[in-house]
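Working notes for the structure below.
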Amino acid sequence: MNRLSSYIRHPHTYALGSMAACLLWLWGRLPYHNDILVYVYPERFFNLDSLHRGFVPLWNPYITCGIPHLANWQSAFFYPPYWLMNLTGLTQGLPLLALSHAAWAYLGFFYWARSRHTHLWLAGLGAFAFAGSAHFIRCWTNLPFIAAASWIPWVFWAFQKLIEKPGWKTFLTASLIMGLQLLAGYPIFVFYTWMALGLWLLSGSLPPRTWYWTGGAIGFSLVLTQLQWLPFLDFLGYALHGGWGTFPYYLHMNEFFTFLDPLSLGPPETQNYSGDASNSIFGNLYIGIVPFAFWVGALAWKRYKRGFWGLLSVVLLAWMAGYGWGLGRLFPQKFFDLLEPSKAAAVFLFASCAFIVSFWNEPLLLLWKKKRWKPWMFLAAVLGFVDLAVLPYRLTYRIPDPYQDPQFQKKASSIQAFADGARILSLRTSPPLVQGVRLDEGLVRKMSELYVDDFLPNTQQAWGLRSCDAYLSLKTTGTNDIQRYFEHGFPYSGDLLDVAGVRLFLLPQTLSPSKYHFAGKSGAQILNLNSEASEELRFAPDRVVYPDRPSILNILSQPRSGWRQKVYLEKNEEGVFTQLPPAQRILTGLSVDAFDHPRVGRLSRRISSSGPGYFVFNESYAPGWRAWVDGRPRPALRAYGLFMSVEIADSGLHRVDFRYEPVSFRLGLFMSLLALGWAGGLLFRIYGAGSRSA
């Protein structure tokens, strides 16, 4: 009985128990949001498929005519917890990892609060208000969001330990935790975490020796994770976010009502939702009525100092709504777009909950000593836990995994046969579903199936289909022009998509029979085959030189540009071609590489030329590509403003190799392995010495 009573009186029973119940509720299903279907699921699928095949996915050939994959930080290929999905599969793995990270966030906050001598129940309530908040529940649908956010309390816990007891153990612990947050896959959350950490460190009076340890831990975490962020920075200079335009990633006045009710703006995903649809994950700030009352009461109580956490929570709240509150007059719009203010929500919630437990710990301990207050305080805490425990069932809809639907798998096989390894283009063709005041799971299921059934951007990679479009991914400068081009409407009379090798169009209408051929129907979509689509690798005997990319794209937007016979190149005013530097080594052996597949960033072919000219490879031009002809390195010239070509001087049969080998990854991998080896040696020395002395 005593043990049962202790379980009932421990906050873990309510918090972790409710998360386990949510996992059982979601098991075999996915939480609904378009992000999980058109971004998170396909990206994780590509990661797992690459892992199964035994290679690092540096290049993704399935979107935007090919795109650096590892350099897209949200790919998070090197984040170890994601590898567990090899055992569980995506259908079970995505909700399992989302809930596991929520539990991890809860435990991190709880142990951080307890390390500051916070009362057991207050620490538990603060931790559950953070990890069980509406923001965290909305983040279940985007794994990089919740994974990066779950490390926030652990970062502060680790640096608290490092400050209290500087040494190699605490140094390595802090570095590893910061490194894991870096690898988790959402850099803007990492930015706000590190900003808050820096302010917290500056707010204390740390001796110089402690600054060496804390600064060293931050620096060593960056060294450990170079294999992820170094390619990201390398590629960022050659990329655009593209296709997004300006999104209002800051809070509006009506979004503050979510403090009182998570559904105050209406259910997200419905027509009646009065908030910003693009900001619905970050604009829901509900932490429970009891914690919210504690937070407001602490801000209003003049007898106690608000301290660092109270001040930070207020500053972050003002920052998240800053553009709408007049700060836009002080800073340009682009400044806010870059820092996406409302995405500080996770750190704001941590600061608010930290303020609650820091402020109320002493007053509540005094009340706890008075017997008549104990039952009421316990009841208030239980009500706070129950309020948060039912929140997932109010905010979340479950859907079956549409990627596992045999009907869609059969349809994907049919599309694969028509495309025959070439690229496709599919636009949304299904009529929008009428959305009422509240969705039900049947309607949500139909909505979710549209994304997969219509082969929308990113979803194709889960079927092994290649596309010239993408959703929310880094794009090489200029590939946005493809998107702008086909968004102009029908018909596609120009040559740009032909050069891109788009063989199959899934559209609501047939296209011009002189160029396209009706190939059948697939649901509401009509299949149009393009007989003039470029091969993946081809020969062009002539060239035309232009001063810049826009000039080339303007030509390709018109029909009959002569692209099959002429490769369009760029040369600046100094007479220098736009090109990638040649490799520094010769390829030995002229047999075609057996490891030739676009998914690994390699092409190795034997192809004939009728004379001098150019071999054109219609994969996206991006830093890191290297080209060889007959084993000898050649510079890769930018062709048609978007793709690659190599020059040849004679006719005959040639072996052509293109390989994606970014120096940034090789350097980052080397440095990360050195750092990991040093850390392993240090751990062996620490614990080995300890075991010998014992």
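Here's how to read the names in the structure tokens: chain A, B, ... by the order shown, residue numbers from 1 in each chain, ligand numbers from 1 in the order shown.
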Item to check | Ile152 in chain A surroundings by only C-alpha atoms, 9 Å radius, close-in-sequence under 3 positions cut, as a PyMOL selection string | outcome: chain A and resi 105+108-109+148-149+155-157+178+181+189-190+193+346-347+350
Leaving out Gln565 in chain A and any residue of its chain fewer than 2 positions from it, which residues lie within 7 Å of it when counting only C-alpha atoms, given as a short mmCIF file (atom, residue, chain, number, x, y, z; two decimals) with C-alpha atoms, in the first residue's frame?
```
data_model
loop_
_atom_site.label_atom_id
_atom_site.label_comp_id
_atom_site.auth_asym_id
_atom_site.auth_seq_id
_atom_site.Cartn_x
_atom_site.Cartn_y
_atom_site.Cartn_z
CA ALA A 540 24.82 18.51 -77.71
CA PRO A 541 27.23 19.50 -80.52
CA ASP A 542 26.94 23.31 -80.28
CA GLY A 562 16.92 24.55 -80.23
CA TRP A 563 18.05 23.12 -76.88
CA VAL A 567 23.82 23.88 -74.81
#
```
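By chain and then residue number, the residues within 9 Å of Gly288 in chain A are Ala129, Gly132, Ser133, Ala134, Phe259, Leu260, Asp261, Pro262, Phe292, Ala293, Gly384, Phe385, Asp387, Leu388 and Leu391 of chain A, counting only C-alpha atoms and disregarding those fewer than 4 positions away in sequence.
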Selection from above, C-alpha atoms, as a PDB file, in the first residue's frame, can you write it?
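Generated output (selection.pdb):
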```
ATOM      1  CA  ALA A 129       3.147  22.374 -18.624  1.00  0.00           C
ATOM      2  CA  GLY A 132       2.491  18.722 -22.525  1.00  0.00           C
ATOM      3  CA  SER A 133       1.734  22.201 -23.850  1.00  0.00           C
ATOM      4  CA  ALA A 134      -0.353  22.792 -26.957  1.00  0.00           C
ATOM      5  CA  PHE A 259      -3.326  31.066 -23.303  1.00  0.00           C
ATOM      6  CA  LEU A 260      -6.851  30.546 -21.978  1.00  0.00           C
ATOM      7  CA  ASP A 261      -8.185  27.966 -24.425  1.00  0.00           C
ATOM      8  CA  PRO A 262      -6.196  26.018 -27.044  1.00  0.00           C
ATOM      9  CA  PHE A 292      -0.952  30.007 -16.649  1.00  0.00           C
ATOM     10  CA  ALA A 293      -2.530  31.390 -13.464  1.00  0.00           C
ATOM     11  CA  GLY A 384      -3.510  20.919 -13.626  1.00  0.00           C
ATOM     12  CA  PHE A 385      -2.233  17.521 -14.750  1.00  0.00           C
ATOM     13  CA  ASP A 387      -6.276  19.544 -17.817  1.00  0.00           C
ATOM     14  CA  LEU A 388      -3.067  18.947 -19.767  1.00  0.00           C
ATOM     15  CA  LEU A 391      -5.241  18.233 -24.357  1.00  0.00           C
TER      16      LEU A 391
END
```
Item to check | Shell around Val290 in chain A at 8 Å using only C-alpha atoms, local window under 5 positions removed, as a PyMOL selection string | outcome: chain A and resi 380-381+383-384
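The nearest approach to Ala417 in chain A among the residues A:Asp337, A:Leu527, A:Gly237, A:Tyr492, with only C-alpha atoms taken into account, belongs to A:Leu527.
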Item to check | Contacts of range 36-46 of chain A at 10 Å (only C-alpha atoms; same-chain gap of 2+ positions) as a ChimeraX atom specification | outcome: /A:30-34,48-52,57,60,62,69,74-77,82-83,85-86,89-91,94,139-144,401-403,448-449,451-452,455-464,470-473,599
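Non-sequential neighbours of range 253-256 of chain A (distance at most 8 Å, separation of 5 or more positions within a chain, only C-alpha atoms) are A:Leu265, A:Gly275, A:Gly283, A:Asn284, A:Leu285, A:Ala321.
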Next on the checklist: Give me the residues near Phe136 in chain A as a ChimeraX atom specification, where near means some atom within 9 Å (using only C-alpha atoms) and where sequence neighbours in that chain fewer than 5 positions away do not count.
Outcome noted: /A:102,130-131,145-146,149-150,281,346
